[in-house]
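Structure file query29.tsv; described as TSV, C-alpha atoms.
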```
chain	number	residue	atom	x	y	z
A	5	MET	CA	-29.00	-28.92	40.62
A	6	GLU	CA	-26.19	-28.46	43.13
A	7	ALA	CA	-28.45	-27.48	46.01
A	8	SER	CA	-31.37	-29.79	45.20
A	9	PHE	CA	-29.54	-32.99	44.24
A	10	SER	CA	-26.03	-32.49	45.69
A	11	VAL	CA	-24.50	-33.04	42.26
A	12	LEU	CA	-21.72	-30.95	40.79
A	13	PRO	CA	-22.54	-30.12	37.14
A	14	ASP	CA	-18.90	-30.34	36.05
A	15	ARG	CA	-18.70	-33.89	37.46
A	16	ALA	CA	-22.00	-35.14	36.04
A	17	THR	CA	-20.95	-36.98	32.89
A	18	LEU	CA	-23.45	-37.14	30.06
A	19	HIS	CA	-24.17	-40.51	28.44
A	20	GLY	CA	-26.93	-39.27	26.15
A	21	LEU	CA	-28.50	-36.02	25.01
A	22	GLU	CA	-31.55	-34.74	23.14
A	23	ILE	CA	-30.95	-31.72	20.90
A	24	GLY	CA	-34.06	-30.14	19.46
A	25	VAL	CA	-35.85	-26.98	18.44
A	26	ASN	CA	-39.53	-26.04	18.08
A	27	ILE	CA	-40.26	-24.36	14.74
A	28	TRP	CA	-43.39	-22.27	14.19
A	29	LEU	CA	-45.03	-22.95	10.83
A	30	PRO	CA	-47.70	-21.05	8.86
A	31	PHE	CA	-49.47	-24.37	8.22
A	32	SER	CA	-50.03	-27.72	9.89
A	33	PRO	CA	-46.87	-29.78	10.67
A	34	LEU	CA	-48.71	-32.72	9.08
A	35	ARG	CA	-47.94	-31.16	5.70
A	36	VAL	CA	-44.21	-31.49	6.48
A	37	LEU	CA	-44.55	-35.06	7.75
A	38	LYS	CA	-46.38	-36.10	4.57
A	39	GLN	CA	-43.42	-34.95	2.45
A	40	VAL	CA	-40.73	-36.84	4.39
A	41	ILE	CA	-39.27	-39.71	2.36
A	42	CYS	CA	-36.13	-40.81	4.22
A	43	TYR	CA	-33.02	-39.67	6.09
A	44	ILE	CA	-29.94	-40.11	3.86
A	45	ASN	CA	-31.06	-43.59	2.71
A	46	LYS	CA	-32.85	-44.82	5.84
A	47	PRO	CA	-36.66	-44.82	5.92
A	48	PHE	CA	-38.60	-43.16	8.72
A	49	THR	CA	-41.16	-45.03	10.81
A	50	GLN	CA	-44.16	-43.56	12.59
A	51	ILE	CA	-43.73	-42.91	16.30
A	52	ASP	CA	-47.31	-44.12	16.66
A	53	ARG	CA	-48.58	-46.34	13.85
A	54	ARG	CA	-52.15	-45.26	14.54
A	55	ASN	CA	-51.48	-41.54	14.14
A	56	ARG	CA	-49.03	-40.09	11.62
A	57	ARG	CA	-49.46	-36.63	13.15
A	58	LEU	CA	-47.57	-37.78	16.25
A	59	GLY	CA	-44.46	-37.84	14.14
A	60	LEU	CA	-41.70	-39.84	12.49
A	61	VAL	CA	-38.43	-41.28	13.73
A	62	CYS	CA	-35.36	-42.64	11.94
A	63	SER	CA	-33.14	-44.78	14.20
A	64	LEU	CA	-29.42	-45.10	13.56
A	65	CYS	CA	-26.59	-46.62	15.57
A	66	GLU	CA	-25.39	-43.47	17.33
A	67	TYR	CA	-28.45	-41.22	17.16
A	68	ASP	CA	-32.14	-40.95	16.24
A	69	VAL	CA	-33.76	-38.26	14.09
A	70	LYS	CA	-37.30	-37.20	15.02
A	71	LEU	CA	-39.87	-34.95	13.39
A	72	TYR	CA	-43.25	-34.51	15.06
A	73	ASP	CA	-46.18	-32.24	15.74
A	74	LYS	CA	-45.41	-30.78	19.16
A	75	GLY	CA	-49.04	-29.94	19.89
A	76	ALA	CA	-50.27	-33.45	19.03
A	77	GLN	CA	-47.46	-35.04	21.05
A	78	SER	CA	-47.99	-32.91	24.16
A	79	GLY	CA	-51.78	-32.81	24.01
A	80	VAL	CA	-51.67	-29.02	24.37
A	81	LYS	CA	-52.95	-26.51	21.82
A	82	THR	CA	-49.66	-24.98	20.70
A	83	GLY	CA	-50.58	-23.87	17.20
A	84	HIS	CA	-48.57	-25.06	14.21
A	85	LEU	CA	-45.41	-26.15	16.01
A	86	LEU	CA	-42.98	-28.62	14.43
A	87	ARG	CA	-40.33	-30.30	16.58
A	88	LEU	CA	-36.99	-31.25	14.99
A	89	GLU	CA	-34.98	-33.40	17.39
A	90	VAL	CA	-31.77	-35.41	17.43
A	91	LYS	CA	-31.48	-38.00	20.21
A	92	VAL	CA	-27.80	-38.72	20.82
A	93	LYS	CA	-27.34	-42.31	22.00
A	94	LYS	CA	-23.52	-42.36	21.89
A	95	MET	CA	-21.67	-39.24	22.96
A	96	ARG	CA	-18.88	-39.78	20.44
A	97	PHE	CA	-21.36	-38.51	17.85
A	98	ILE	CA	-20.94	-34.96	19.29
A	99	ARG	CA	-17.35	-35.33	20.46
A	100	GLY	CA	-16.24	-32.38	18.34
A	101	TYR	CA	-18.52	-29.96	20.20
A	102	GLY	CA	-16.73	-30.26	23.55
A	103	ILE	CA	-19.86	-31.28	25.46
A	104	ALA	CA	-19.25	-34.00	28.05
A	105	THR	CA	-20.82	-32.86	31.35
A	106	MET	CA	-23.88	-30.99	32.62
A	107	ALA	CA	-21.70	-27.92	33.14
A	108	ASP	CA	-20.97	-27.78	29.42
A	109	LEU	CA	-24.67	-27.33	28.74
A	110	THR	CA	-24.61	-24.03	30.65
A	111	GLU	CA	-22.03	-22.56	28.26
A	112	ALA	CA	-23.66	-20.92	25.26
A	113	SER	CA	-20.36	-20.98	23.37
A	114	LYS	CA	-20.60	-24.78	23.33
A	115	VAL	CA	-24.35	-25.11	22.85
A	116	PHE	CA	-24.83	-22.60	20.04
A	117	PRO	CA	-22.62	-24.53	17.52
A	118	LEU	CA	-25.08	-27.44	17.80
A	119	PHE	CA	-27.02	-25.49	15.17
A	120	ARG	CA	-24.53	-26.94	12.69
A	121	LEU	CA	-25.51	-30.47	13.74
A	122	LEU	CA	-29.23	-29.76	13.35
A	123	SER	CA	-28.60	-28.18	9.95
A	124	GLU	CA	-26.65	-31.22	8.75
A	125	VAL	CA	-29.42	-33.53	9.92
A	126	LEU	CA	-32.06	-31.43	8.16
A	127	ARG	CA	-29.92	-31.43	5.02
A	128	GLY	CA	-29.90	-35.23	5.09
A	129	ILE	CA	-33.70	-35.51	5.12
A	130	VAL	CA	-35.27	-36.07	1.70
A	131	PHE	CA	-38.57	-34.25	1.11
A	132	MET	CA	-40.86	-34.82	-1.88
A	133	ASP	CA	-44.20	-33.13	-2.59
A	134	LEU	CA	-46.44	-36.12	-3.25
A	135	THR	CA	-49.30	-33.80	-4.27
A	136	LEU	CA	-47.21	-32.53	-7.19
A	137	SER	CA	-49.18	-32.29	-10.43
A	138	LYS	CA	-47.75	-34.77	-12.94
A	139	GLN	CA	-49.04	-32.84	-15.94
A	140	PRO	CA	-46.09	-30.36	-16.24
A	141	LEU	CA	-43.51	-33.18	-15.91
A	142	ASN	CA	-41.83	-34.56	-18.99
A	143	ALA	CA	-41.24	-38.31	-19.34
A	144	HIS	CA	-37.75	-38.17	-17.80
A	145	GLU	CA	-38.89	-36.07	-14.82
A	146	HIS	CA	-41.85	-38.35	-14.26
A	147	ARG	CA	-39.55	-41.39	-14.03
A	148	GLN	CA	-37.34	-39.48	-11.59
A	149	PHE	CA	-40.32	-38.59	-9.45
A	150	LEU	CA	-41.47	-42.21	-9.22
A	151	VAL	CA	-38.00	-43.35	-8.08
A	152	LEU	CA	-37.22	-40.45	-5.72
A	153	SER	CA	-40.60	-40.52	-3.98
A	154	ASN	CA	-40.16	-44.20	-3.01
A	155	PRO	CA	-38.21	-44.75	0.27
A	156	LYS	CA	-37.21	-48.27	-0.82
A	157	GLY	CA	-35.46	-46.87	-3.88
A	158	TRP	CA	-33.14	-44.77	-1.69
A	159	GLU	CA	-32.04	-47.80	0.38
A	160	GLU	CA	-30.36	-49.39	-2.65
A	161	MET	CA	-28.39	-46.30	-3.73
A	162	SER	CA	-24.61	-45.98	-3.45
A	163	LYS	CA	-22.96	-43.00	-1.76
A	164	TYR	CA	-22.42	-41.30	-5.11
A	165	GLN	CA	-26.00	-41.96	-6.19
A	166	LEU	CA	-27.34	-40.55	-2.92
A	167	SER	CA	-25.53	-37.25	-3.44
A	168	ARG	CA	-26.66	-36.93	-7.06
A	169	ASN	CA	-30.25	-37.91	-6.38
A	170	ARG	CA	-30.61	-35.49	-3.46
A	171	GLU	CA	-29.69	-32.72	-5.91
A	172	ARG	CA	-32.14	-34.07	-8.48
A	173	ALA	CA	-34.96	-34.26	-5.92
A	174	GLU	CA	-34.40	-30.67	-4.81
A	175	LEU	CA	-34.19	-29.45	-8.42
A	176	LEU	CA	-37.42	-31.26	-9.27
A	177	MET	CA	-39.20	-29.63	-6.35
A	178	HIS	CA	-37.74	-26.22	-7.20
A	179	ARG	CA	-39.05	-26.43	-10.75
A	180	HIS	CA	-42.52	-27.83	-10.21
A	181	SER	CA	-43.64	-27.69	-6.56
A	182	LYS	CA	-45.38	-24.75	-4.91
A	183	ARG	CA	-44.94	-26.43	-1.53
A	184	GLN	CA	-41.18	-26.47	-1.06
A	185	ILE	CA	-40.65	-27.52	2.54
A	186	LYS	CA	-36.89	-27.89	2.86
A	187	PRO	CA	-35.74	-24.33	2.01
A	188	LEU	CA	-38.41	-22.91	4.32
A	189	LEU	CA	-37.36	-25.18	7.20
A	190	PHE	CA	-33.72	-24.14	6.80
A	191	SER	CA	-34.64	-20.47	7.06
A	192	LEU	CA	-36.96	-21.01	10.02
A	193	LEU	CA	-34.40	-23.18	11.82
A	194	ALA	CA	-31.74	-20.47	11.52
A	195	GLU	CA	-34.16	-17.75	12.60
A	196	THR	CA	-35.49	-19.74	15.57
A	197	TRP	CA	-32.06	-20.85	16.80
A	198	ALA	CA	-30.72	-17.27	16.69
A	199	GLY	CA	-33.80	-16.10	18.58
A	200	LEU	CA	-33.25	-18.67	21.33
A	201	PHE	CA	-29.82	-17.18	21.97
A	202	GLY	CA	-31.12	-13.60	22.09
A	203	MET	CA	-29.81	-12.66	18.65
A	204	GLY	CA	-33.16	-11.44	17.33
A	205	THR	CA	-33.57	-7.67	16.99
A	206	GLU	CA	-37.07	-7.56	18.47
A	207	ALA	CA	-37.31	-10.40	20.97
A	208	ILE	CA	-40.58	-9.88	22.85
A	209	THR	CA	-40.40	-12.56	25.52
A	210	LEU	CA	-37.59	-14.19	27.41
A	211	GLN	CA	-36.24	-17.28	25.64
A	212	PRO	CA	-34.67	-20.41	27.17
A	213	PHE	CA	-31.23	-19.43	25.82
A	214	HIS	CA	-29.43	-16.11	25.75
A	215	ARG	CA	-26.28	-14.81	24.15
A	216	LEU	CA	-23.67	-14.09	26.78
A	217	ASP	CA	-22.77	-10.47	27.43
A	218	GLY	CA	-19.00	-9.98	27.70
A	219	SER	CA	-19.41	-6.74	29.64
A	220	GLY	CA	-20.16	-8.51	32.96
A	221	LYS	CA	-17.63	-8.33	35.77
A	222	GLY	CA	-18.41	-11.65	37.40
A	223	GLY	CA	-15.43	-13.93	37.89
A	224	GLN	CA	-17.36	-17.10	37.12
A	225	PRO	CA	-18.55	-18.09	33.62
A	226	ALA	CA	-22.07	-16.93	32.85
A	227	THR	CA	-24.84	-19.44	32.37
A	228	PHE	CA	-28.10	-19.24	30.49
A	229	SER	CA	-29.87	-21.61	32.90
A	230	HIS	CA	-32.29	-20.17	35.45
A	231	LEU	CA	-30.24	-21.40	38.41
A	232	GLU	CA	-30.24	-20.22	41.99
A	233	TYR	CA	-27.33	-21.00	44.32
A	234	LYS	CA	-28.35	-21.31	47.97
A	235	GLY	CA	-24.94	-21.79	49.53
A	236	LYS	CA	-25.66	-25.35	50.57
A	237	LYS	CA	-22.61	-27.59	50.89
A	238	VAL	CA	-22.76	-30.48	48.47
A	239	ALA	CA	-20.95	-33.78	48.04
A	240	ALA	CA	-17.33	-33.70	49.07
A	241	THR	CA	-14.79	-33.25	46.30
A	242	THR	CA	-11.05	-33.19	46.03
A	243	GLY	CA	-9.82	-29.68	46.43
A	244	GLU	CA	-11.76	-26.73	47.71
A	245	TYR	CA	-15.13	-25.89	46.23
A	246	PRO	CA	-16.40	-22.34	46.90
A	247	GLN	CA	-19.64	-22.05	48.86
A	248	GLU	CA	-20.35	-18.58	47.54
A	249	LYS	CA	-20.43	-17.49	43.94
A	250	THR	CA	-20.61	-14.07	42.39
A	251	GLY	CA	-21.64	-12.98	38.94
A	252	ILE	CA	-24.40	-15.58	38.60
A	253	TYR	CA	-26.31	-14.95	35.40
A	254	SER	CA	-29.75	-13.48	36.00
A	255	ALA	CA	-32.50	-14.12	33.47
A	256	LYS	CA	-34.34	-10.96	34.55
A	257	ASP	CA	-31.19	-8.84	34.13
A	258	ALA	CA	-30.60	-10.40	30.73
A	259	GLN	CA	-34.05	-9.37	29.57
A	260	LYS	CA	-33.51	-5.81	30.83
A	261	ASN	CA	-30.09	-5.58	29.18
A	262	SER	CA	-31.34	-6.94	25.87
A	263	ALA	CA	-34.20	-4.46	25.94
A	264	LYS	CA	-31.71	-1.61	26.40
A	265	THR	CA	-29.34	-2.67	23.64
A	266	ALA	CA	-31.76	-3.99	20.99
A	267	GLN	CA	-32.29	-1.63	18.07
A	268	ARG	CA	-36.02	-1.37	17.39
A	269	SER	CA	-38.02	0.93	15.17
A	270	CYS	CA	-41.66	1.95	14.81
A	271	LYS	CA	-43.52	-0.37	12.45
A	272	THR	CA	-45.19	2.60	10.73
A	273	CYS	CA	-42.73	5.52	10.55
A	274	ARG	CA	-39.47	3.62	11.33
A	275	ARG	CA	-38.55	6.02	14.16
A	276	ASP	CA	-36.06	4.57	16.67
A	277	ILE	CA	-38.10	3.30	19.66
A	278	SER	CA	-35.29	1.36	21.41
A	279	THR	CA	-35.86	3.33	24.63
A	280	GLN	CA	-39.55	2.35	24.83
A	281	HIS	CA	-40.99	-0.78	26.41
A	282	PRO	CA	-39.62	-4.00	24.81
A	283	ARG	CA	-43.12	-4.93	23.61
A	284	SER	CA	-43.66	-1.60	21.83
A	285	ARG	CA	-44.28	-1.79	18.09
A	286	PHE	CA	-45.22	1.86	17.44
A	287	CYS	CA	-44.24	5.31	18.64
A	288	SER	CA	-45.45	6.04	22.16
A	289	GLU	CA	-48.43	8.41	22.38
A	290	ARG	CA	-47.12	9.55	25.77
A	291	LEU	CA	-43.79	10.60	24.24
A	292	TYR	CA	-44.86	11.85	20.81
A	293	GLY	CA	-48.49	12.89	21.37
A	294	SER	CA	-50.77	12.84	18.32
A	295	ALA	CA	-47.91	11.70	16.06
A	296	GLY	CA	-47.55	8.53	18.13
A	297	LYS	CA	-51.29	7.88	18.01
A	298	ALA	CA	-51.27	8.40	14.23
A	299	CYS	CA	-48.64	5.65	13.82
A	300	ARG	CA	-50.83	3.14	15.64
A	301	ASN	CA	-54.00	4.21	13.81
A	302	LYS	CA	-52.36	4.04	10.38
A	303	ASP	CA	-51.59	0.37	10.95
A	304	SER	CA	-55.04	-0.54	12.29
A	305	ASN	CA	-56.99	1.48	9.70
A	306	HIS	CA	-55.84	-0.82	6.91
A	307	ARG	CA	-57.60	-3.71	8.65
A	308	ARG	CA	-60.76	-1.66	9.14
A	309	ASP	CA	-60.92	-0.47	5.51
A	310	LEU	CA	-60.54	-3.99	4.12
A	311	LYS	CA	-63.18	-5.61	6.32
A	312	ARG	CA	-65.77	-5.90	3.52
A	313	ILE	CA	-63.50	-7.63	0.99
A	314	ILE	CA	-62.02	-9.90	3.65
A	315	ASN	CA	-65.42	-11.05	4.91
A	316	THR	CA	-66.53	-11.73	1.34
A	317	ALA	CA	-63.48	-13.89	0.68
A	318	MET	CA	-63.96	-15.82	3.90
A	319	ASN	CA	-67.65	-16.43	3.25
A	320	THR	CA	-66.97	-17.83	-0.23
A	321	GLN	CA	-64.31	-20.17	1.21
A	322	GLN	CA	-61.77	-19.26	-1.47
A	323	PHE	CA	-58.40	-20.96	-1.54
A	324	ILE	CA	-55.55	-18.53	-1.09
A	325	ALA	CA	-51.92	-18.54	-2.23
A	326	ILE	CA	-49.82	-16.90	0.49
A	327	THR	CA	-46.35	-15.52	-0.24
A	328	TYR	CA	-44.16	-14.80	2.77
A	329	SER	CA	-40.56	-13.77	3.30
A	330	VAL	CA	-38.21	-15.59	5.67
A	331	GLY	CA	-34.51	-14.83	5.90
A	332	GLY	CA	-34.62	-12.71	2.75
A	333	ASP	CA	-36.17	-15.52	0.65
A	334	SER	CA	-39.77	-15.72	-0.56
A	335	TYR	CA	-42.02	-18.79	-0.31
A	336	THR	CA	-45.52	-19.44	-1.61
A	337	ASP	CA	-48.05	-21.89	-0.25
A	338	THR	CA	-51.65	-22.61	-1.25
A	339	LEU	CA	-54.00	-22.91	1.73
A	340	HIS	CA	-57.65	-23.11	2.56
A	341	PRO	CA	-58.77	-20.50	5.14
A	342	SER	CA	-59.47	-23.32	7.60
A	343	GLU	CA	-55.74	-24.23	7.54
A	344	LEU	CA	-54.64	-20.81	8.70
A	345	GLU	CA	-53.43	-20.41	12.25
A	346	VAL	CA	-50.73	-17.78	12.33
A	347	THR	CA	-49.39	-15.36	14.92
A	348	ARG	CA	-48.44	-11.74	14.47
A	349	ASN	CA	-44.92	-13.01	13.87
A	350	TRP	CA	-46.16	-14.72	10.70
A	351	LEU	CA	-48.42	-11.80	9.87
A	352	ASP	CA	-45.35	-9.57	9.54
A	353	LYS	CA	-43.71	-12.05	7.15
A	354	ILE	CA	-46.60	-12.10	4.63
A	355	THR	CA	-45.93	-10.03	1.50
A	356	ARG	CA	-48.70	-11.11	-0.86
A	357	ILE	CA	-51.98	-13.07	-1.01
A	358	ASP	CA	-53.69	-14.31	-4.16
A	359	LEU	CA	-57.39	-15.09	-3.74
A	360	LEU	CA	-57.84	-18.01	-6.11
A	361	PRO	CA	-61.01	-17.93	-8.27
A	362	THR	CA	-63.81	-20.29	-7.30
A	363	GLY	CA	-65.65	-20.28	-10.65
A	364	LYS	CA	-65.03	-19.70	-14.34
A	365	GLY	CA	-66.16	-16.11	-14.26
A	366	ASP	CA	-64.09	-15.15	-11.22
A	367	ARG	CA	-60.83	-13.23	-11.49
A	368	LEU	CA	-57.60	-13.75	-9.62
A	369	GLU	CA	-57.44	-11.08	-6.91
A	370	THR	CA	-54.13	-10.08	-5.39
A	371	LEU	CA	-53.50	-8.46	-2.02
A	372	THR	CA	-50.03	-7.12	-1.19
A	373	GLY	CA	-48.30	-5.38	1.69
A	374	ASN	CA	-50.63	-4.17	4.44
A	375	LYS	CA	-53.70	-5.46	2.58
A	376	ALA	CA	-52.29	-9.00	2.65
A	377	GLN	CA	-51.50	-8.76	6.34
A	378	ALA	CA	-54.94	-7.32	7.04
A	379	PHE	CA	-56.57	-10.29	5.31
A	380	ILE	CA	-54.80	-12.76	7.61
A	381	GLN	CA	-55.38	-10.62	10.69
A	382	GLN	CA	-59.12	-10.55	9.99
A	383	HIS	CA	-59.14	-14.34	9.75
A	384	ILE	CA	-57.36	-14.56	13.11
A	385	ASN	CA	-59.96	-12.26	14.63
A	386	ASN	CA	-62.85	-14.27	13.14
A	387	THR	CA	-61.56	-17.63	14.34
A	388	SER	CA	-60.75	-16.36	17.83
A	389	LYS	CA	-64.32	-15.18	18.51
```

As structure tokens:
Amino acid sequence: MEASFSVLPDRATLHGLEIGVNIWLPFSPLRVLKQVICYINKPFTQIDRRNRRLGLVCSLCEYDVKLYDKGAQSGVKTGHLLRLEVKVKKMRFIRGYGIATMADLTEASKVFPLFRLLSEVLRGIVFMDLTLSKQPLNAHEHRQFLVLSNPKGWEEMSKYQLSRNRERAELLMHRHSKRQIKPLLFSLLAETWAGLFGMGTEAITLQPFHRLDGSGKGGQPATFSHLEYKGKKVAATTGEYPQEKTGIYSAKDAQKNSAKTAQRSCKTCRRDISTQHPRSRFCSERLYGSAGKACRNKDSNHRRDLKRIINTAMNTQQFIAITYSVGGDSYTDTLHPSELEVTRNWLDKITRIDLLPTGKGDRLETLTGNKAQAFIQQHINNTSK
């Protein structure tokens, strides 16, 4: 920025800001958008009235709240990627975070606390599963559902009523819905935000943000931006501005350092493999010989042995109930095989799959552990051919 535009970051005052995070989901973001009722007591509107998938926006005086399908918005096949975004229109909304200039955005100590802002915004969004079966509801719960699933009903509520009814809505979903969106989004938001700052234990690729390492000897504050200073003299300022800087944060060095310090273990035998390549998931055959090869084969053999049952389930187009663990909590969602589009990251989170019966004579079949993961992996392999 300094060399290309002759602008000093610490003198570039911000008059607006977009704070957002991309969240990977095990299902289509459209499922989330269909459950959104309102933000606090304000209704959402579609970003594009012709296409709900492009997302929703709730406009307030000082900021806007947006939820949208990142792949549909960008026109690029990104998989199931949900974008949660807060567009700050008046900087006083984030006054307490100490962010006023471009330079502040290069300080992770100021940017990381914005997680609290995103969490508060997510907490204010009301979600209701409109596909909820009404049969298990008693008369009182049914009346609650009719009121709480109507955005217009929330507009007329007082501050006290809003607080009480948010609790009632969440309790209603907890009791009767198998598609609880809000708790899952909270867990994924926390996991994703920590990963952006390099706090994950097995980060595979370099992320846009990194946690600062206090062991550096550079005299200047570190930055997580991929900047390059070329020594070009920029706009004149009062006082002396150094033309050379030392200790500039290097993204490549950060990746090397994180690879050295991250504690990683073999997926099969749990041996410490922190000294191996950052992408390693099993013991190295070069280092451990046949024992290393056995670790890799043990994981892949489960997929091979279950090929027959997996193909049968896929051919019969059975619905499946997937249970996965995020942040120590378990979630269950019912999906059709055509809805699945998960990465290995999601594959590792799956703990159980129930193959739902298709006819009266069929039995409920349950896959757990490696069998459950193998089922999903086979589907990924089939759809990628």

| query | Of the residues A:Asn45, A:Thr327, A:Asn142, A:Ser181, which is the one nearest to Trp158 (chain A), using all atoms listed in the file? | reply |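 Selected residue with least distance to Trp158 (chain A): A:Asn45.
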
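Interatomic distance, CA of Arg275 (chain A) against CA of Cys287 (chain A): 7.3 Å.
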
request  = Would you list the residues near (-28.6, -26.3, 14.6) (no more than 12 Å away, in the coordinates of the file, using all atoms listed in the file) as number ranges by chain?
outcome  = A: 23-27, 88-90, 114-127, 189-198, 200-201

Please produce a file of the residues just selected, as a compact mmCIF listing (two decimals), keeping the file's coordinate frame, where the atoms kept are C-alpha atoms.
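Below is the file that was written, selection-v4.txt:
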```
# COMPACT_ATOMS: atom_id res chain seq x y z
CA ILE A 23 -30.95 -31.72 20.90
CA GLY A 24 -34.06 -30.14 19.46
CA VAL A 25 -35.85 -26.98 18.44
CA ASN A 26 -39.53 -26.04 18.08
CA ILE A 27 -40.26 -24.36 14.74
CA LEU A 88 -36.99 -31.25 14.99
CA GLU A 89 -34.98 -33.40 17.39
CA VAL A 90 -31.77 -35.41 17.43
CA LYS A 114 -20.60 -24.78 23.33
CA VAL A 115 -24.35 -25.11 22.85
CA PHE A 116 -24.83 -22.60 20.04
CA PRO A 117 -22.62 -24.53 17.52
CA LEU A 118 -25.08 -27.44 17.80
CA PHE A 119 -27.02 -25.49 15.17
CA ARG A 120 -24.53 -26.94 12.69
CA LEU A 121 -25.51 -30.47 13.74
CA LEU A 122 -29.23 -29.76 13.35
CA SER A 123 -28.60 -28.18 9.95
CA GLU A 124 -26.65 -31.22 8.75
CA VAL A 125 -29.42 -33.53 9.92
CA LEU A 126 -32.06 -31.43 8.16
CA ARG A 127 -29.92 -31.43 5.02
CA LEU A 189 -37.36 -25.18 7.20
CA PHE A 190 -33.72 -24.14 6.80
CA SER A 191 -34.64 -20.47 7.06
CA LEU A 192 -36.96 -21.01 10.02
CA LEU A 193 -34.40 -23.18 11.82
CA ALA A 194 -31.74 -20.47 11.52
CA GLU A 195 -34.16 -17.75 12.60
CA THR A 196 -35.49 -19.74 15.57
CA TRP A 197 -32.06 -20.85 16.80
CA ALA A 198 -30.72 -17.27 16.69
CA LEU A 200 -33.25 -18.67 21.33
CA PHE A 201 -29.82 -17.18 21.97
```

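Taking CA of Phe379 (chain A) as the reference point, CA of Ile326 (chain A) is found at 10.6 Å.
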
Review point. Pick the closest to Glu174 (chain A) from A:Leu291, A:Ile324, A:Met132, A:Ala16: which is it, counting all atoms listed in the file?
Key: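 Among A:Leu291, A:Ile324, A:Met132, A:Ala16, it is A:Met132 that comes nearest to Glu174 (chain A).
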
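Among the candidate residues A:Ser32, A:Thr49, A:Ser269, A:Thr336, the one lying nearest to Leu85 (chain A) is A:Ser32, with distances computed using all atoms listed in the file.
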
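Nearest residue to Met95 (chain A), choosing from A:Gly59, A:Gly199, A:Gly20, A:Gly296 and counting only C-alpha atoms: A:Gly20.
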
Might you pull out every residue within 10 Å of Glu160 (chain A), with all atoms listed in the file counted and same-chain residues fewer than 4 positions away left off, and present them as a PDB file with C-alpha atoms, keeping the file's coordinate frame?
```pdb
ATOM      1  CA  ASN A  45     -31.060 -43.590   2.710  1.00  0.00           C
ATOM      2  CA  LYS A  46     -32.850 -44.820   5.840  1.00  0.00           C
ATOM      3  CA  PRO A 155     -38.210 -44.750   0.270  1.00  0.00           C
ATOM      4  CA  LYS A 156     -37.210 -48.270  -0.820  1.00  0.00           C
ATOM      5  CA  GLN A 165     -26.000 -41.960  -6.190  1.00  0.00           C
ATOM      6  CA  LEU A 166     -27.340 -40.550  -2.920  1.00  0.00           C
TER       7      LEU A 166
END
```

Which one of A:Leu176, A:Asp52, A:Ser162, A:Met106 sits closest to Arg147 (chain A) if you count only C-alpha atoms?
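Using only C-alpha atoms, the shortest distance to Arg147 (chain A) belongs to A:Leu176.
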
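If you look at CA of Thr338 (chain A) and CA of Tyr43 (chain A), they are 26.3 Å away from each other.
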
Exercise. Might you pull out every residue within 8 Å of Ser63 (chain A), with only C-alpha atoms counted and same-chain residues fewer than 5 positions away left off, and present them as a PyMOL selection string?
Key: chain A and resi 48+68-69

| task | Would you please work out which residue, of A:Gly79, A:Leu64, A:Lys302, A:Leu71, is nearest to Lys93 (chain A) when using all atoms listed in the file? | result |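 Selected residue with least distance to Lys93 (chain A): A:Leu64.
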